[in-house]
Amino acid sequence: MCGIVAVTGYKRAMPLLINGLKKLEYRGYDSAGIAVINSETKKIICNKAEGKLKNLINNVSNIDIKGTVGIGHTRWATHGKPEVKNAHPHIDNSGKVAVVQNGIIENYQELKIKLEKEGIIFNSDTDTEVIPHLIQKELHALSQLELESNGSTLLVAVRNVISDLEGSYALAILWTGAPDSLVVARRQAPLIIGIGEGEFICASDTPAIANLTKIILPLEDEEIALLNPLGIEIYNSNNERQFRNPISLQTSEQVIDKMSFRHYMLKEIYDQPETAKNWLDKFLIKDSDTGQLNINYNFDTKFFESIERIEIVACGTSKHAAMVGSFLLEQFAGIPTNVFYASEFRYSPPPLLPNTLTIGVTQSGETADTIAAINMEIQRRSSMSDEKYKPNLIAITNRVESSIGRKTSNIIDICAGIEIGVAATKTFFAQLLSFYGLAIKFAQVKGSQSEKNINQLISELTNLPLLVEQLLEKHNHSAEKLAHDFFNVKDVIFLGRGINYPIALEGALKLKEISYIHAAGYPAGEMKHGPIALLDKKVPVISIAIPGEVFDKVISNAQEAKARDAFLIGVAPECNGTEIFDHLMPIPSINEWISPLLAIVPLQLLSYHIAAHRGLDVDQPRNLAKSVTVE
Ligand code: F6R
């Protein structure tokens with residue numbers, strides 16, 4: 001989390017920094033700040049504000065900072081409350097070094113104690129503040145060697161300091177001793193350099209760069225770079241100069257309009273029919289000879305043939321998509337599959353098994369835990385001599401140019417388009433679709449389903465754009481009405497079974513993250529093993545009941561809740577059995593296999609309307625960020 005942006009060149013830095021920060025606010029909105037070296041006085045001018053970026057913009061709207069070199073930051077608080085004193089940039093005691101950081105410095109306590117003993121005064125509670133103090137100390141030591149005061153000196157000082165840092169970081173640093181230079185460095189957190197016309201701009205993510213240039217140089221892990229208006233020098237961790245060609249940015253700057261929707265989240269829920277259409281257009285191809293529809297993933301059949309088992313790592317909503325995926329891969333395609341929280345996998349991975357496919361699922365492509373889990377798996381598998389244990393990877397992401405996209409050429413681009421709302425909706429839907437594609441592909445290659453079943457599933461998928469559109473039309477108003485009755489509840493329980501258990505989890509996550517109402521999802525059969533004790537008439541129970549394998553069981557579980565006075569809401573087709581629900585959110589009668597793609601829609605709408613009715617900031621819920629780049 002946190003977004004950083006830094007610029008050096010010939011143009012005024014402040015508007016470029018503010019513009020970059022606007023594009024990075026999705027990474028955190030606890031506070032924002034900028035620092036620019038004034039080109040006349042050569043002093044650092046810093047301005048920070050608590051809360052959203054608009055507060056910083058208000059602060060600086062009447063200030064004209066003449067300076068072409070600067071850094072900016074939008075914060076998601078890790079160490080220290082969201083207060084001005086903890087906002088970045090952080091500045092050393094002499095006022096000469098300013099730093100912005102995205103990441104966590106794990107050994108900051110130890111470094112801080114040492115610095116305090118040496119008389120350094122700390123002005124914040126952050127882990128980051130040790131960095132400017134350490135750099136100033138290094139610069140002071142280097143000055144004793146009578147080195148010239150220039151960007152290279154700053155580079156040496158920063159290199160010496162980062163060798164003592166533990167944890168992950170992306171850093172941008174200013175020093176008044178080299179007023180036209182910037183030093184940037186990264187370990188595990190992303191950082192991209194954009195080569196503009198008259199400036200170099202670095203940022204945590206490409207949208208902050210895309211309106212200035214399409215020519216970029218992503219900084220690789222453990223690299224450090226010195227930038228001034230004349231050029232860029234990049235070094236690896238062995239201090240070897242790196243030369244490589246810039247690449248062109250595929251994504252154009254997209255201006256996303258809310259259209260007539262009150263919030264981006266609602267617009268993105270409404271984007272889902274188009275998400276389905278885009279996915280079908282891109283990934284379903286018709287064989288010109290047979291007319292047969294096939295999944296068009298860019299990996300050859302041999303790749304699928306060699307796989308005997310699958311492990312999936314993901315976090316949050318992406319993990320819920322992975323759980324539906326796991327169900328499909330096991331139950332439809334017959335491949336043993338396990339899903340792991342990436343944050344758990346990285347510290348307690350399962351024993352290595354041969355011929356395993358590892359799938360990383362992350363819409364942002366930058367989730368620190370998911371990237372670390374994938375890195376760990378690449379590392380431990382690459383060290384095996386037996387070919388059967390070597391890494392096989394697939395990344396499922398909405399950002400092909402992201403960190404996960406650079407790990408493997410086996411990428412499934414979910415093609416959901418930019419998602420602005422922090423709560424994932426259309427990206428979840430598109431991740432689900434990607435797993436349907438994979439399950440179909442595996443079922444074909446392994447022969448685990450008849451051609452008829454496969455064709456039926458494909459044909460059901462082609463109906464999705466229309467079905468989802470109809471669902472939205474049917475439910476938006478009724479979900480809003482239902483929200484009026486339930487916007488004040490304290491707890492909500494979501495139940496699902498089989499392929500829809502992850503949808504119960506996702507329904508609960510959506511509700512709690514944007515409405516701040518406590519919600520929990522359970523496999524319906526587990527209710528009686530504890531959670532049922534929570535039930536009374538104040539706790540609504542939302543049950544996903546789709547005719548098929550477990551329909552009767554889910555209805556019985558719903559009965560058990562009703563017997564405890566719970567208000568029962570059903571997400572189910574209008575069919576026998578569903579009359580037990582006090583309120584039905586009807587979905588069409590469809591094949592159970594594709595039901596998650598429809599069942600999620602009314603749940604997204606209900607969460608949205610409850611949060612909107614509570615007057616909350618639906619698109620930027622408190623304490624969250626769109627891209628979670630810290631552990
Ligand atoms: C919830 C949500 C989060 C993310 C999680 C992983 O609406 O968006 O739970 O799903 O932080 O993010 P990605 O998919 O970017 O790895």
# chains A, B, ... in the order shown; residues from 1 in each chain; ligands from 1

call {"tool": "residues_around", "arguments": {"residues": "Gly365 (chain A)", "least_positions_apart": "4", "cutoff": "12 Å", "atoms": "only C-alpha atoms", "output": "PyMOL selection string"}}
result
chain A and resi 189-190+205+314-315+318+360-361+369-372+374+395-408+411-414+427+626-629

call {"tool": "select_by_dssp", "arguments": {"residues": "region 498-572 of chain A", "states": "helix (DSSP H, G or I)", "output": "NGL selection string"}}
result
:A and (498-515 or 524-529 or 531-534 or 551-562)

call {"tool": "select_by_dssp", "arguments": {"residues": "region 310-366 of chain A", "states": "strand (DSSP E or B)", "output": "list in words"}}
result
Ile310, Glu311, Ile312, Val313, Ala314, Thr337, Asn338, Val339, Phe340, Tyr341, Thr356, Leu357, Thr358, Ile359, Gly360, Val361 and Thr362 of chain A

call {"tool": "write_last_selection", "arguments": {"atoms": "all heavy atoms", "output": "CSV table (one decimal), in the first residue's frame"}}
result
chain,number,residue,atom,x,y,z
A,310,ILE,N,-2.8,-28.9,-8.5
A,310,ILE,CA,-2.8,-27.5,-8.6
A,310,ILE,C,-2.8,-26.9,-7.2
A,310,ILE,O,-3.5,-27.4,-6.3
A,310,ILE,CB,-4.0,-26.9,-9.4
A,310,ILE,CG1,-4.0,-27.5,-10.8
A,310,ILE,CG2,-4.0,-25.4,-9.4
A,310,ILE,CD1,-5.2,-27.2,-11.6
A,311,GLU,N,-2.0,-25.9,-7.0
A,311,GLU,CA,-2.0,-25.1,-5.7
A,311,GLU,C,-2.3,-23.6,-6.1
A,311,GLU,O,-1.7,-23.1,-7.1
A,311,GLU,CB,-0.7,-25.2,-4.9
A,311,GLU,CG,0.5,-24.8,-5.7
A,311,GLU,CD,1.8,-25.2,-5.0
A,311,GLU,OE1,1.8,-26.1,-4.1
A,311,GLU,OE2,2.8,-24.6,-5.3
A,312,ILE,N,-3.2,-23.0,-5.4
A,312,ILE,CA,-3.5,-21.6,-5.8
A,312,ILE,C,-3.3,-20.7,-4.6
A,312,ILE,O,-3.6,-21.1,-3.4
A,312,ILE,CB,-5.0,-21.4,-6.2
A,312,ILE,CG1,-5.5,-22.6,-7.1
A,312,ILE,CG2,-5.3,-20.1,-6.8
A,312,ILE,CD1,-6.9,-22.5,-7.5
A,313,VAL,N,-2.6,-19.6,-4.8
A,313,VAL,CA,-2.4,-18.6,-3.7
A,313,VAL,C,-3.0,-17.3,-4.0
A,313,VAL,O,-3.0,-16.8,-5.2
A,313,VAL,CB,-0.9,-18.4,-3.4
A,313,VAL,CG1,-0.2,-19.7,-2.8
A,313,VAL,CG2,-0.1,-18.0,-4.7
A,314,ALA,N,-3.7,-16.7,-3.0
A,314,ALA,CA,-4.4,-15.5,-3.3
A,314,ALA,C,-4.8,-14.9,-1.9
A,314,ALA,O,-4.7,-15.5,-0.9
A,314,ALA,CB,-5.7,-15.8,-4.1
A,337,THR,N,-6.8,-30.0,-6.2
A,337,THR,CA,-6.5,-28.6,-6.1
A,337,THR,C,-6.6,-28.1,-4.7
A,337,THR,O,-7.6,-28.4,-4.0
A,337,THR,CB,-7.4,-27.7,-7.0
A,337,THR,OG1,-7.4,-28.3,-8.3
A,337,THR,CG2,-7.0,-26.3,-7.1
A,338,ASN,N,-5.6,-27.3,-4.3
A,338,ASN,CA,-5.7,-26.7,-2.9
A,338,ASN,C,-5.6,-25.2,-3.1
A,338,ASN,O,-4.7,-24.7,-3.9
A,338,ASN,CB,-4.5,-27.2,-2.0
A,338,ASN,CG,-4.8,-28.6,-1.5
A,338,ASN,OD1,-5.9,-28.8,-1.0
A,338,ASN,ND2,-3.9,-29.5,-1.8
A,339,VAL,N,-6.3,-24.5,-2.2
A,339,VAL,CA,-6.2,-23.0,-2.2
A,339,VAL,C,-5.6,-22.6,-0.9
A,339,VAL,O,-6.0,-23.1,0.1
A,339,VAL,CB,-7.6,-22.3,-2.3
A,339,VAL,CG1,-7.5,-20.8,-2.4
A,339,VAL,CG2,-8.4,-22.9,-3.5
A,340,PHE,N,-4.7,-21.6,-1.0
A,340,PHE,CA,-4.0,-21.1,0.3
A,340,PHE,C,-4.2,-19.6,0.4
A,340,PHE,O,-4.1,-18.9,-0.7
A,340,PHE,CB,-2.5,-21.5,0.2
A,340,PHE,CG,-2.2,-22.9,0.1
A,340,PHE,CD1,-2.2,-23.6,-1.2
A,340,PHE,CD2,-2.0,-23.7,1.2
A,340,PHE,CE1,-1.9,-24.9,-1.3
A,340,PHE,CE2,-1.7,-25.1,1.1
A,340,PHE,CZ,-1.7,-25.7,-0.1
A,341,TYR,N,-4.3,-19.2,1.6
A,341,TYR,CA,-4.1,-17.7,1.8
A,341,TYR,C,-2.6,-17.5,1.5
A,341,TYR,O,-1.7,-18.2,2.1
A,341,TYR,CB,-4.3,-17.4,3.3
A,341,TYR,CG,-5.7,-17.3,3.7
A,341,TYR,CD1,-6.3,-18.2,4.6
A,341,TYR,CD2,-6.6,-16.3,3.3
A,341,TYR,CE1,-7.6,-18.1,5.0
A,341,TYR,CE2,-7.9,-16.2,3.7
A,341,TYR,CZ,-8.4,-17.1,4.6
A,341,TYR,OH,-9.7,-17.0,5.0
A,356,THR,N,3.3,-30.0,-10.3
A,356,THR,CA,2.3,-29.2,-9.7
A,356,THR,C,2.2,-27.8,-10.4
A,356,THR,O,3.2,-27.3,-10.8
A,356,THR,CB,2.7,-28.9,-8.2
A,356,THR,OG1,2.8,-30.2,-7.6
A,356,THR,CG2,1.7,-28.0,-7.5
A,357,LEU,N,1.0,-27.4,-10.7
A,357,LEU,CA,0.8,-26.0,-11.2
A,357,LEU,C,0.5,-25.1,-10.1
A,357,LEU,O,-0.3,-25.4,-9.2
A,357,LEU,CB,-0.4,-26.0,-12.2
A,357,LEU,CG,-0.9,-24.7,-12.7
A,357,LEU,CD1,0.1,-23.9,-13.5
A,357,LEU,CD2,-2.2,-24.9,-13.5
A,358,THR,N,1.2,-23.9,-10.0
A,358,THR,CA,1.0,-22.9,-9.0
A,358,THR,C,0.3,-21.8,-9.7
A,358,THR,O,0.8,-21.2,-10.7
A,358,THR,CB,2.3,-22.4,-8.4
A,358,THR,OG1,3.0,-23.6,-8.0
A,358,THR,CG2,2.0,-21.5,-7.2
A,359,ILE,N,-0.9,-21.4,-9.2
A,359,ILE,CA,-1.6,-20.3,-9.8
A,359,ILE,C,-1.6,-19.1,-8.7
A,359,ILE,O,-2.0,-19.3,-7.6
A,359,ILE,CB,-3.1,-20.6,-10.1
A,359,ILE,CG1,-3.1,-21.9,-11.0
A,359,ILE,CG2,-3.8,-19.5,-10.8
A,359,ILE,CD1,-4.5,-22.3,-11.4
A,360,GLY,N,-1.2,-17.9,-9.2
A,360,GLY,CA,-1.3,-16.7,-8.3
A,360,GLY,C,-2.5,-15.9,-8.8
A,360,GLY,O,-2.6,-15.7,-10.0
A,361,VAL,N,-3.4,-15.6,-8.0
A,361,VAL,CA,-4.6,-14.8,-8.4
A,361,VAL,C,-4.5,-13.4,-7.7
A,361,VAL,O,-4.6,-13.4,-6.5
A,361,VAL,CB,-5.9,-15.5,-8.0
A,361,VAL,CG1,-7.1,-14.8,-8.7
A,361,VAL,CG2,-5.9,-16.9,-8.3
A,362,THR,N,-4.4,-12.4,-8.4
A,362,THR,CA,-4.4,-11.0,-7.9
A,362,THR,C,-4.8,-10.0,-8.9
A,362,THR,O,-4.2,-9.9,-9.9
A,362,THR,CB,-3.0,-10.7,-7.2
A,362,THR,OG1,-2.9,-9.3,-7.1
A,362,THR,CG2,-1.9,-11.2,-8.0

call {"tool": "residues_around", "arguments": {"residues": "Asp281 (chain A)", "least_positions_apart": "3", "cutoff": "12 Å", "atoms": "only C-alpha atoms", "output": "count of residues only"}}
result
17

call {"tool": "residues_around", "arguments": {"residues": "region 523-534 of chain A", "least_positions_apart": "3", "cutoff": "10 Å", "atoms": "only C-alpha atoms", "output": "CSV table (one decimal) with all heavy atoms, in the first residue's frame"}}
result
chain,number,residue,atom,x,y,z
A,491,ASP,N,-25.2,-7.7,12.8
A,491,ASP,CA,-24.6,-8.9,12.3
A,491,ASP,C,-25.4,-9.5,11.1
A,491,ASP,O,-26.6,-9.5,11.2
A,491,ASP,CB,-24.5,-10.0,13.3
A,491,ASP,CG,-23.8,-9.6,14.6
A,491,ASP,OD1,-22.5,-9.6,14.5
A,491,ASP,OD2,-24.4,-9.2,15.6
A,492,VAL,N,-24.7,-10.1,10.2
A,492,VAL,CA,-25.4,-10.8,9.1
A,492,VAL,C,-24.7,-12.1,8.9
A,492,VAL,O,-23.4,-12.1,8.8
A,492,VAL,CB,-25.5,-10.0,7.8
A,492,VAL,CG1,-26.3,-10.8,6.7
A,492,VAL,CG2,-26.2,-8.6,8.0
A,493,ILE,N,-25.4,-13.2,8.7
A,493,ILE,CA,-24.8,-14.5,8.4
A,493,ILE,C,-25.1,-14.8,7.0
A,493,ILE,O,-26.2,-14.7,6.5
A,493,ILE,CB,-25.3,-15.6,9.3
A,493,ILE,CG1,-25.1,-15.2,10.8
A,493,ILE,CG2,-24.7,-16.9,9.0
A,493,ILE,CD1,-23.7,-15.3,11.3
A,494,PHE,N,-24.1,-15.3,6.2
A,494,PHE,CA,-24.2,-15.7,4.9
A,494,PHE,C,-23.9,-17.2,4.8
A,494,PHE,O,-22.9,-17.7,5.3
A,494,PHE,CB,-23.2,-15.0,3.9
A,494,PHE,CG,-23.5,-13.6,3.7
A,494,PHE,CD1,-23.3,-12.7,4.7
A,494,PHE,CD2,-24.0,-13.1,2.5
A,494,PHE,CE1,-23.5,-11.3,4.5
A,494,PHE,CE2,-24.3,-11.8,2.3
A,494,PHE,CZ,-24.0,-10.9,3.3
A,495,LEU,N,-24.9,-18.0,4.2
A,495,LEU,CA,-24.7,-19.4,4.1
A,495,LEU,C,-24.6,-19.9,2.6
A,495,LEU,O,-25.4,-19.4,1.8
A,495,LEU,CB,-25.8,-20.2,4.8
A,495,LEU,CG,-26.0,-19.9,6.2
A,495,LEU,CD1,-27.3,-20.7,6.7
A,495,LEU,CD2,-24.8,-20.2,7.0
A,496,GLY,N,-23.7,-20.8,2.4
A,496,GLY,CA,-23.7,-21.4,1.0
A,496,GLY,C,-23.1,-22.8,1.1
A,496,GLY,O,-22.5,-23.1,2.2
A,497,ARG,N,-23.2,-23.6,0.1
A,497,ARG,CA,-22.6,-24.9,0.2
A,497,ARG,C,-22.0,-25.2,-1.2
A,497,ARG,O,-22.4,-24.7,-2.2
A,497,ARG,CB,-23.7,-26.0,0.5
A,497,ARG,CG,-23.7,-26.4,1.9
A,497,ARG,CD,-24.7,-27.4,2.2
A,497,ARG,NE,-24.1,-28.7,2.7
A,497,ARG,CZ,-24.5,-29.4,3.7
A,497,ARG,NH1,-25.6,-29.0,4.3
A,497,ARG,NH2,-23.9,-30.5,4.1
A,498,GLY,N,-21.0,-26.1,-1.2
A,498,GLY,CA,-20.5,-26.6,-2.4
A,498,GLY,C,-19.9,-25.4,-3.2
A,498,GLY,O,-19.2,-24.6,-2.6
A,500,ASN,N,-21.1,-22.8,-4.0
A,500,ASN,CA,-21.5,-21.4,-3.6
A,500,ASN,C,-21.1,-21.1,-2.1
A,500,ASN,O,-21.4,-20.0,-1.6
A,500,ASN,CB,-23.0,-21.3,-3.7
A,500,ASN,CG,-23.4,-21.0,-5.2
A,500,ASN,OD1,-22.9,-20.0,-5.7
A,500,ASN,ND2,-24.1,-21.9,-5.8
A,501,TYR,N,-20.3,-22.0,-1.5
A,501,TYR,CA,-19.8,-21.6,-0.2
A,501,TYR,C,-18.9,-20.4,-0.3
A,501,TYR,O,-19.0,-19.4,0.4
A,501,TYR,CB,-19.1,-22.8,0.4
A,501,TYR,CG,-18.1,-22.5,1.5
A,501,TYR,CD1,-18.5,-21.6,2.6
A,501,TYR,CD2,-16.8,-23.0,1.6
A,501,TYR,CE1,-17.6,-21.3,3.6
A,501,TYR,CE2,-15.9,-22.7,2.5
A,501,TYR,CZ,-16.3,-21.8,3.5
A,501,TYR,OH,-15.4,-21.5,4.5
A,502,PRO,N,-17.9,-20.4,-1.3
A,502,PRO,CA,-17.1,-19.2,-1.5
A,502,PRO,C,-17.9,-17.9,-1.7
A,502,PRO,O,-17.5,-16.8,-1.4
A,502,PRO,CB,-16.2,-19.5,-2.6
A,502,PRO,CG,-16.2,-21.0,-2.8
A,502,PRO,CD,-17.5,-21.4,-2.3
A,503,ILE,N,-19.1,-18.1,-2.4
A,503,ILE,CA,-19.9,-16.9,-2.6
A,503,ILE,C,-20.5,-16.3,-1.3
A,503,ILE,O,-20.7,-15.1,-1.2
A,503,ILE,CB,-21.1,-17.2,-3.7
A,503,ILE,CG1,-20.4,-17.7,-5.0
A,503,ILE,CG2,-22.0,-16.0,-3.9
A,503,ILE,CD1,-19.4,-16.7,-5.6
A,504,ALA,N,-20.8,-17.3,-0.4
A,504,ALA,CA,-21.3,-16.8,0.9
A,504,ALA,C,-20.1,-16.0,1.6
A,504,ALA,O,-20.4,-14.9,2.2
A,504,ALA,CB,-21.7,-18.0,1.8
A,505,LEU,N,-18.9,-16.5,1.5
A,505,LEU,CA,-17.8,-15.8,2.0
A,505,LEU,C,-17.6,-14.4,1.4
A,505,LEU,O,-17.4,-13.4,2.0
A,505,LEU,CB,-16.5,-16.6,1.8
A,505,LEU,CG,-16.4,-17.9,2.6
A,505,LEU,CD1,-15.0,-18.6,2.2
A,505,LEU,CD2,-16.5,-17.7,4.1
A,520,ALA,N,-20.5,-12.7,8.5
A,520,ALA,CA,-19.6,-13.9,8.4
A,520,ALA,C,-20.3,-14.9,7.4
A,520,ALA,O,-21.5,-15.0,7.4
A,520,ALA,CB,-19.4,-14.5,9.8
A,538,LYS,N,-32.8,-10.7,15.4
A,538,LYS,CA,-32.0,-9.5,15.0
A,538,LYS,C,-30.9,-9.8,14.0
A,538,LYS,O,-30.3,-8.9,13.5
A,538,LYS,CB,-31.4,-8.8,16.2
A,538,LYS,CG,-32.4,-8.2,17.1
A,538,LYS,CD,-31.7,-7.2,18.1
A,538,LYS,CE,-32.4,-7.1,19.4
A,538,LYS,NZ,-31.6,-7.7,20.5
A,539,VAL,N,-30.7,-11.1,13.7
A,539,VAL,CA,-29.6,-11.4,12.8
A,539,VAL,C,-30.2,-12.0,11.5
A,539,VAL,O,-30.6,-13.2,11.5
A,539,VAL,CB,-28.7,-12.5,13.5
A,539,VAL,CG1,-27.5,-12.9,12.6
A,539,VAL,CG2,-28.2,-12.0,14.8
A,543,SER,N,-29.1,-16.9,2.5
A,543,SER,CA,-28.7,-18.3,2.2
A,543,SER,C,-28.8,-18.4,0.6
A,543,SER,O,-29.7,-18.0,0.0
A,543,SER,CB,-29.8,-19.2,2.8
A,543,SER,OG,-29.5,-20.5,2.5
A,544,ILE,N,-27.7,-19.0,0.1
A,544,ILE,CA,-27.7,-19.2,-1.4
A,544,ILE,C,-28.1,-20.6,-1.6
A,544,ILE,O,-27.4,-21.6,-1.2
A,544,ILE,CB,-26.2,-19.0,-1.9
A,544,ILE,CG1,-25.7,-17.6,-1.5
A,544,ILE,CG2,-26.2,-19.1,-3.4
A,544,ILE,CD1,-24.3,-17.5,-1.4
A,545,ALA,N,-29.2,-20.8,-2.3
A,545,ALA,CA,-29.8,-22.1,-2.5
A,545,ALA,C,-30.1,-22.4,-4.0
A,545,ALA,O,-31.0,-21.8,-4.5
A,545,ALA,CB,-31.1,-22.2,-1.7
A,550,VAL,N,-26.8,-29.9,-3.6
A,550,VAL,CA,-26.9,-29.7,-2.2
A,550,VAL,C,-28.1,-28.8,-1.9
A,550,VAL,O,-28.3,-28.3,-0.7
A,550,VAL,CB,-25.6,-29.0,-1.6
A,550,VAL,CG1,-24.5,-30.0,-1.5
A,550,VAL,CG2,-25.2,-27.8,-2.4
A,553,LYS,N,-30.2,-29.8,1.2
A,553,LYS,CA,-29.4,-29.7,2.4
A,553,LYS,C,-29.4,-28.2,2.8
A,553,LYS,O,-29.5,-27.8,4.0
A,553,LYS,CB,-28.0,-30.1,2.2
A,553,LYS,CG,-27.8,-31.5,1.6
A,553,LYS,CD,-28.1,-32.5,2.6
A,553,LYS,CE,-28.1,-33.9,2.0
A,553,LYS,NZ,-29.0,-34.8,2.6
A,554,VAL,N,-29.2,-27.3,1.8
A,554,VAL,CA,-29.2,-25.9,2.1
A,554,VAL,C,-30.5,-25.4,2.7
A,554,VAL,O,-30.6,-24.7,3.6
A,554,VAL,CB,-28.8,-25.1,0.9
A,554,VAL,CG1,-28.8,-23.6,1.2
A,554,VAL,CG2,-27.4,-25.4,0.4
A,555,ILE,N,-31.6,-25.9,2.0
A,555,ILE,CA,-32.9,-25.5,2.5
A,555,ILE,C,-33.1,-26.0,4.0
A,555,ILE,O,-33.6,-25.3,4.8
A,555,ILE,CB,-34.0,-26.1,1.6
A,555,ILE,CG1,-33.9,-25.5,0.2
A,555,ILE,CG2,-35.4,-25.9,2.1
A,555,ILE,CD1,-34.2,-24.0,0.1
A,556,SER,N,-32.7,-27.2,4.3
A,556,SER,CA,-32.8,-27.7,5.7
A,556,SER,C,-32.0,-26.8,6.6
A,556,SER,O,-32.4,-26.5,7.7
A,556,SER,CB,-32.3,-29.1,5.8
A,556,SER,OG,-32.9,-30.0,4.9
A,557,ASN,N,-30.8,-26.4,6.2
A,557,ASN,CA,-30.0,-25.6,7.0
A,557,ASN,C,-30.7,-24.2,7.3
A,557,ASN,O,-30.6,-23.7,8.3
A,557,ASN,CB,-28.6,-25.4,6.4
A,557,ASN,CG,-27.8,-26.7,6.3
A,557,ASN,OD1,-27.1,-26.8,5.3
A,557,ASN,ND2,-27.9,-27.6,7.2
A,558,ALA,N,-31.3,-23.7,6.2
A,558,ALA,CA,-32.0,-22.5,6.3
A,558,ALA,C,-33.2,-22.6,7.3
A,558,ALA,O,-33.5,-21.8,8.1
A,558,ALA,CB,-32.5,-22.0,4.9
A,560,GLU,N,-33.3,-24.6,9.8
A,560,GLU,CA,-32.7,-24.6,11.2
A,560,GLU,C,-32.5,-23.1,11.7
A,560,GLU,O,-32.7,-22.8,12.9
A,560,GLU,CB,-31.4,-25.3,11.2
A,560,GLU,CG,-31.5,-26.8,11.0
A,560,GLU,CD,-30.2,-27.5,10.4
A,560,GLU,OE1,-29.2,-26.8,10.4
A,560,GLU,OE2,-30.4,-28.6,9.9
A,561,ALA,N,-32.1,-22.2,10.8
A,561,ALA,CA,-31.9,-20.8,11.1
A,561,ALA,C,-33.3,-20.2,11.4
A,561,ALA,O,-33.5,-19.4,12.4
A,561,ALA,CB,-31.2,-20.1,10.0
A,564,ARG,N,-34.8,-20.6,14.7
A,564,ARG,CA,-34.2,-19.7,15.7
A,564,ARG,C,-34.6,-18.2,15.5
A,564,ARG,O,-33.9,-17.3,15.9
A,564,ARG,CB,-32.7,-19.8,15.7
A,564,ARG,CG,-32.1,-21.0,16.6
A,564,ARG,CD,-32.2,-22.3,15.9
A,564,ARG,NE,-31.9,-23.4,16.7
A,564,ARG,CZ,-32.1,-24.7,16.3
A,564,ARG,NH1,-32.5,-24.9,15.1
A,564,ARG,NH2,-31.9,-25.6,17.2
A,566,ALA,N,-34.5,-16.3,13.0
A,566,ALA,CA,-33.7,-15.5,12.1
A,566,ALA,C,-34.6,-15.0,10.9
A,566,ALA,O,-35.4,-15.8,10.4
A,566,ALA,CB,-32.5,-16.2,11.5

call {"tool": "residues_around", "arguments": {"residues": "Lys81 (chain A)", "least_positions_apart": "4", "cutoff": "12 Å", "atoms": "only C-alpha atoms", "output": "VMD selection string"}}
result
chain A and resid 30 to 31 50 to 51 75 to 77 85 to 87 124 to 127 623

call {"tool": "closest_residue", "arguments": {"among": "A:Val571, A:Leu280, A:Ala612, A:Leu212", "to": "Leu584 (chain A)", "atoms": "only C-alpha atoms"}}
result
A:Val571

call {"tool": "atom_distance", "arguments": {"atom1": "CA of Asn355 (chain A)", "atom2": "CA of Glu308 (chain A)"}}
result
5.5 Å

call {"tool": "closest_residue", "arguments": {"among": "A:Asn410, A:Ser434, A:Asn375, A:Gln363", "to": "ligand 1", "atoms": "only C-alpha atoms and all ligand atoms"}}
result
A:Gln363

call {"tool": "residues_around", "arguments": {"residues": "region 346-350 of chain A", "least_positions_apart": "2", "cutoff": "8 Å", "atoms": "only C-alpha atoms", "output": "PyMOL selection string"}}
result
chain A and resi 342-344+352+369+372-373+376

call {"tool": "write_last_selection", "arguments": {"atoms": "C-alpha atoms", "output": "short mmCIF file (atom, residue, chain, number, x, y, z; two decimals), in the first residue's frame"}}
result
data_model
loop_
_atom_site.label_atom_id
_atom_site.label_comp_id
_atom_site.auth_asym_id
_atom_site.auth_seq_id
_atom_site.Cartn_x
_atom_site.Cartn_y
_atom_site.Cartn_z
CA ALA A 342 -0.90 -16.36 0.26
CA SER A 343 0.05 -14.91 3.66
CA GLU A 344 -0.04 -18.39 5.21
CA LEU A 352 6.73 -30.19 -2.57
CA ASP A 369 1.76 -11.70 0.15
CA ALA A 372 6.03 -13.34 -1.99
CA ALA A 373 4.26 -16.72 -2.05
CA MET A 376 9.00 -18.52 -2.68
#
